[in-house]
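Asks: Below you will find the structure I want to go over with you.
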Amino acid sequence: MSRVLVPATAAAALAALAVSGCGKAAPSTATGGTTNGAAAPTANTQLPATTPAATGDVAKITWATYREVGTLDPIQAFDYPENTVDTALCDALVKQQPDGTLAAGLSALPEHPDDKTTVFKLQDGAKFSDGQPVTAADVVYSLKRAADPKSGGFYPQVFARVASIAATDDHTVTLKLKQPDFWLDGELSQMAGIIYEKAYAEKQGKKFGTPGGGIVCAGPYKVGSWKAGAQLTLVKNDNYWGPDKPKVGQIDFKGVPDESSLTTGLITGGIDGSYPQALSALDQLRSNPKVTVSEGPSFAMDALVISSLKGVLGDVRVRQALSMAIDRKAYIQTVYKGGAQLPRTLANPGSWGYGREVFAADWAKLPEPTQDVAKAKQLVQEAGATGKTLTLGMTSEVSNLNSAANALRTAGEAIGLKVKFKAVSAQNFINFFTDPKAREGVDGFPTVNYPDYADPAAFYNTFVSADGTQNYSGFSDQRITELMSQARETGDADARAKLVAEAGDRIMQQLPWIPMAAPSNVLITSSKITGAPASFAYMGGPWANLIGSK
Amino acid sequence: MRSFVARRAGMLVVALLVSSFVVFASLDLAPGDPLSTLSGGRTLPPEAVAQLRAQYHLDDPFLERYVHWLGNVVLHGDLGTSIAFRESVTSVIGARIGTTIDLVLYAALLIVVFGIGLGVLAGLRRGPVDSSIVAITTVFAAVPSFVAAIVLLSVFSVNLGWFPALGGGDGGMDTIKHLTLPAIALALSAMAIVVRVTRVAVRTELGREHVETAVSRGIPYLQVVRRHVLRNAAIPVTTVVGITITSLIALSAVVERAFSLDGLGAALVQAALSKDFAVVQGIALVFVAAFVVANAIVDVLYAFLDPRVAIGSRAA
């Protein structure tokens with residue numbers, strides 16, 4: 001499960017809107033700010049995932065998303081605004097913590113009596129915002145609805161290996177699997193694992209999740225008021241059963257597509273916080289005492305999607321040469337103003353949600369990517385590709401995609417390739433991901449992409465497995481496939497991490513995609529409030545209940 | 001009067017019909033897929049896609065979809081369902097129309113009061129007052145609303161903190177406070193044009209023989225101005241004010257975005273970019289209707305201002 005991101009910029013406010021309208025907004029640090037000296041991430045540092053804990057109550061805050069929220073139905077939440085709101089409204093079976101690790105949510109951590117059985121035992125006292133207890137029937141209903149393609153949701157693939165979902169008693173739900181699947185625990189820590197009240201959802205029918213229907217969940221907030229396409233107000237759920245009781249009385253969610261409005265809003269106090277997708281004014285905000293800018297671990301990766309292996313990139317040596325020739329340091333400086341790491345794997349260190357020591361050891365073992373044009377040139381010659389044409393899909397209307405394409409062009413030309421751009425408008429850029437016709441004759445295109453929960457495997461799977469949603473080139477490597485499927489069936493976290501890390505190493509040699517940078521997540525809040533996770537986990541786990549006054 | 005109303009109503013229907021077809025067709029030709037708003041570009045399971053496409057009739061031929069949509073509007077008054085908001089277009093419009101009406105009325109008020117007021121002042125007072133008004137309006141007339149929005153925000157909101165930077169307020173004085181900067185941004189260049197047209201119209205009337213005669217006969221100056229100058233100058237001024245105010249309806253989109261107002265214009269831009277057909281259609285129809293109605297009001301005003309003009313015919 002991973003998504004495409006198309007970062008937006010001020011220069012192309014409308015264009016950016018269009019792209020984000022397509023559902024894929026930018027990575028938080030697309031045009032990031034300077035990281036102050038000590039915080040500069042080095043090879044194996046993890047940025048802090050949290051901000052100082054909140055101490056006091058706040059009556060009301062306004063939170064900005066890059067556009068208005070479209071739906072509250074978790075199975076249709078697939079983009080920043082919906083995810084941000086659903087994680088404030090609803091608890092999932094498993095909790096995604098700020099550092100990406102999994103913890104007990106509505107259920108205790110899942111038990112696996114055997115490899116093909118996953119058991120969720122509901123927590124005592126878990127109740128919905130209307131006071132009704134969360135029962136196994138609600139869980140079965142929510143999961144079955146998420147699994148059913150006919151519900152019009154986006155997560156049926158999560159349940160691909162699930163044979164049956166049944167309540168064994170009032171507090172226990174058992175999933176029988178066709179094949180072992182230890183990715184399921186992580187998948188159920190995000191939208192696919194959110195539980196809502198069955199009776200309410202059935203009563204609302206088609207209106208469920210809409211402004212007219214709303215939702216009843218078991219999260220720290222509940223819907224206060226919502227006018228279609230306008231401001232959405234959440235209020236504190238006084239019945240919240242979980243440990244971190246909300247400290248903010250009311251949260252107004254406001255869609256602010258315009259970058260300068262967002263900046264102005266943050267400075268003037270009209271907006272109290274946001275996880276911005278792209279903000280060229282980050283430096284300006286950093287130096288403003290009224291706001292606090294925090295950088296944390298992100299799941300996102302800035303990379304070149306290789307969409308065809310029929311052309312010049314079909315030879316692994318050319319892929320390696322291209323990767324070797326990229327001036328990543330300059331790219332990170334230009335686009336992220338330093339707020340990104342040099343990628344040693346295709347997974348951002350922020351996405352190590354388990355087996356962290358294993359992944360860290362693997363990362364330490366791998367070389368930092370350094371530019372070596374002479375060696376790269378030689379590789380291209382060996383491959384007999386000198387003078388051949390590399391065609392890149394790009395848009396010059398979105399500044400960091402433009403920078404990425406140009407960095408790749410410079411690299412390609414330096415190693416003796418002819419580089420051609422297939423330039424499209426910002427709105428049409430999404431077609432490279434969705435339309436095979438748009439990809440015709442295109443060898444690759446830049447992206448910022450992320451998995452739904454902190455697991456490198458969740459990200460790799462989309463472009464290395466045969467049925468991967470983003471495996472546009474039909475990439476296949478027997479060893480990687482073996483390692484991935486072994487990992488999926490391995491219950492022990494460290495053992496699984498070992499397999500995934502090994503697959504990651506091999507992926508870095510084979511380069512089905514070429515990594516550009518591992519950006520950090522950005523959080524901006526008013527200096528009066530604190531507590532929100534600095535990490536990307538707000539997209540899948542609770543965050544709003546951690547906010548309060550300093 | 002009755003035939004005027006009937007003619008205008010007929011015009012309105014034709015305008016709505018034609019524009020709805022044009023909007024529908026151009027949106028159909030535009031690139032992109034409304035489902036990408038929902039799916040974010042990820043390859044969706046085929047069943048989910050089929051489900052969504054059927055739900056929103058996305059695979060029907062263009063004409064069939066148009067006729068289906070039109071039928072629902074005409075027969076049931078149903079403008080359709082927004083794909084992005086999963087809600088009926090009527091309620092999307094209902095939730096947002098208030099802001100746009102407030103904004104446009106506020107801006108119109110500014111244009112009428114300051115545009116005409118300063119124009120008359122400049123027309124009557126030659127000398128430094130006149131030249132400074134002319135100089136300032138020359139600058140203002142050249143400032144597009146999105147630039148005005150940025151400057152106003154930076155000066156009055158960020159630096160001085162007098163006005164809020166975004167949002168539409170909670171009603172009453174709060175709304176007025178929130179809408180002041182957007183209304184100024186929206187009205188500024190139109191206001192400058194109205195000032196200039198008013199000034200020239202007043203000057204022209206002042207130079208007319210009957211005005212000079214009236215002045216030379218010793219009729220009090222103020223009375224001459226009121227009866228002969230302003231009344232006659234009102235015709236071209238009304239034309240310009242009418243045109244500029246109707247254009248505000250469309251321009252509001254830019255300002256609403258800059259100030260993050262939940263208005264129709266902002267919704268229109270968002271919907272057009274995400275190919276949310278029903279919303280684009282619904283809002284476009286509201287705009288077209290507003291345009292036609294505003295024009296009709298201007299025509300009625302002509303007849304009221306100049307008895308020689310029959311209602312519904314254009315003033316010379």
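By convention here, the chains of the structure tokens are called A, B, ... in the order presented, each chain's residues are numbered starting at 1, and ligands are numbered starting at 1 in the order presented.
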Using only C-alpha atoms, which protein or nucleic acid residues come within 8 Å of segment 127-144 of chain A? Drop anything in the same chain fewer than 5 positions from it, and give the result as a count of residues only.

Replies: 27

Asks: With only C-alpha atoms as the counted atoms, please give the residues lying no more than 12 Å from Trp162 of chain B, apart from itself and same-chain residues fewer than 5 positions off, as a list in words.

Replies: Thr268 of chain A; Leu152, Leu153, Ser154, Val155, Phe156, Ser157, Lys177, His178, Thr180 and Leu181 of chain B

Asks: Could the residues in this selection be written to a file with C-alpha atoms, as a short mmCIF file (atom, residue, chain, number, x, y, z; two decimals), in the first residue's frame?

Replies:
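File written: out_0.cif
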data_model
loop_
_atom_site.label_atom_id
_atom_site.label_comp_id
_atom_site.auth_asym_id
_atom_site.auth_seq_id
_atom_site.Cartn_x
_atom_site.Cartn_y
_atom_site.Cartn_z
CA THR A 268 -1.38 35.76 12.10
CA LEU B 152 -3.39 43.67 1.74
CA LEU B 153 -2.65 40.47 3.64
CA SER B 154 0.95 41.35 4.18
CA VAL B 155 0.26 44.93 5.30
CA PHE B 156 -3.00 44.81 7.21
CA SER B 157 -3.00 41.26 8.42
CA LYS B 177 -14.25 42.12 9.76
CA HIS B 178 -13.23 38.93 7.98
CA THR B 180 -13.14 43.57 4.61
CA LEU B 181 -9.78 42.74 3.09
#

Asks: Could you list, as a count of residues only, every residue within 7 Å of segment 63-80 of chain A, counting only C-alpha atoms and ignoring same-chain residues fewer than 3 positions away?

Replies: 36

Asks: Can you pull out every residue within 12 Å of Asp59 of chain B, counting only C-alpha atoms, but drop anything in the same chain fewer than 4 positions away, and send it as a list in words?

Replies: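 Contacts, with the query itself left out: Asp28, Asp33, Pro34, Leu35, Val49, Ala50, Gln51, Leu52, Arg53, Ala54, Gln55, Leu63, Glu64 and Arg65 of chain B.
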
Asks: Mind writing the picked residues with C-alpha atoms as a PDB file, in the first residue's frame?

Replies:
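Below you can see out24.pdb, which holds the result:
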ATOM      1  CA  ASP B  28     -15.548  16.261 -20.651  1.00  0.00           C
ATOM      2  CA  ASP B  33     -10.335  11.475 -14.294  1.00  0.00           C
ATOM      3  CA  PRO B  34     -12.737  12.431 -11.513  1.00  0.00           C
ATOM      4  CA  LEU B  35     -11.932   9.177  -9.764  1.00  0.00           C
ATOM      5  CA  VAL B  49     -13.456   1.116  -9.889  1.00  0.00           C
ATOM      6  CA  ALA B  50     -16.428  -0.469 -11.615  1.00  0.00           C
ATOM      7  CA  GLN B  51     -18.552   0.265  -8.581  1.00  0.00           C
ATOM      8  CA  LEU B  52     -17.576   3.941  -8.508  1.00  0.00           C
ATOM      9  CA  ARG B  53     -17.831   4.396 -12.257  1.00  0.00           C
ATOM     10  CA  ALA B  54     -21.315   2.956 -12.262  1.00  0.00           C
ATOM     11  CA  GLN B  55     -22.343   5.016  -9.260  1.00  0.00           C
ATOM     12  CA  LEU B  63     -24.588  12.998 -24.542  1.00  0.00           C
ATOM     13  CA  GLU B  64     -26.303  10.382 -22.463  1.00  0.00           C
ATOM     14  CA  ARG B  65     -24.705  11.746 -19.319  1.00  0.00           C
TER      15      ARG B  65
END

Asks: Determine the nearest neighbour of chain A from the options B:Val254, B:Val22, B:Leu230, B:Leu121, counting only C-alpha atoms.

Replies: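 Smallest distance to chain A is found for B:Val254.
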
Asks: Just want the 7 Å neighbourhood of Ile116 of chain B, counted on only C-alpha atoms, with same-chain residues fewer than 2 positions away dropped. Output as a list of chain:residue names.

Replies: B:Val112, B:Val113, B:Phe114, B:Leu118, B:Gly119, B:Val120, B:Val194, B:Val195, B:Thr198

Asks: Env of Tyr66 of chain B: 9 Å cut, atoms = only C-alpha atoms, seq-sep filter 2 positions within chain, self excluded. Answer as a list in words.

Replies: Ser20, Phe21, Phe24, Ala25, Pro61, Phe62, Leu63, Glu64, His68, Trp69, Leu70 and Gly71 of chain B

Asks: What does the file look like for those residues with C-alpha atoms, as a CSV table (one decimal), in the first residue's frame?

Replies:
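Written out: again-v9.csv:
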chain,number,residue,atom,x,y,z
B,20,SER,CA,-24.5,24.1,-19.1
B,21,PHE,CA,-23.8,22.3,-22.3
B,24,PHE,CA,-20.3,19.9,-19.5
B,25,ALA,CA,-18.6,19.5,-22.9
B,61,PRO,CA,-21.5,8.3,-23.5
B,62,PHE,CA,-21.2,12.1,-23.2
B,63,LEU,CA,-24.6,13.0,-24.5
B,64,GLU,CA,-26.3,10.4,-22.5
B,68,HIS,CA,-29.4,12.3,-17.8
B,69,TRP,CA,-28.1,15.2,-15.8
B,70,LEU,CA,-30.4,17.7,-17.5
B,71,GLY,CA,-33.4,15.4,-16.9

Asks: What is the atom CA of Gly540 of chain A to atom CA of Ala88 of chain A distance in Å?

Replies: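 Those two atoms sit 9.7 Å apart.
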
Asks: Could you state the separation of atom CA of Thr345 of chain A and atom CA of Val448 of chain A in Å, given to one decimal place?

Replies: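 Separation of atom CA of Thr345 of chain A and atom CA of Val448 of chain A: 14.6 Å.
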
Asks: As a ChimeraX atom specification, which residues of segment 139-346 of chain A does DSSP assign to helix (DSSP H, G or I)?

Replies: /A:139-147,149-151,156-159,184-187,191-193,198-207,259-268,282-286,312-314,316-325,328-336

Asks: Find the residues near Gly269 of chain A: any atom within 9 Å, counting only C-alpha atoms, skip ones fewer than 4 places away on the same chain, and give them as a PyMOL selection string.

Replies: (chain A and resi 62+264-265+290-291+526) or (chain B and resi 164-165)

Asks: May I ask for the distance between atom CA of Thr391 of chain A and atom CA of Ser465 of chain A, given in Å to one decimal place?

Replies: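 Separation between atom CA of Thr391 of chain A and atom CA of Ser465 of chain A: 24.1 Å.
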
Asks: So which one's closest to Pro519 of chain A, A:Leu322, A:Leu47, A:Ala364, A:Ala92? Using only C-alpha atoms, please.

Replies: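 Ranked by minimum distance to Pro519 of chain A, first place goes to A:Leu47.
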
Asks: Could you pull out the residues in segment 286-377 of chain A that DSSP calls strand (DSSP E or B) from the backbone, as a ChimeraX atom specification?

Replies: /A:291-296,301-306,340-341

Asks: Could you check the closest approach to chain A for each of B:Leu110, B:Ala272, B:Ala284, B:Val300 and tell me which residue wins, using only C-alpha atoms?

Replies: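 Among the listed residues, B:Ala272 lies closest to chain A.
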
Asks: Under the rule that only C-alpha atoms are counted, which of A:Ser151, A:Gln333, A:Ser396, A:Ser520 is the nearest residue to chain B?

Replies: A:Ser151
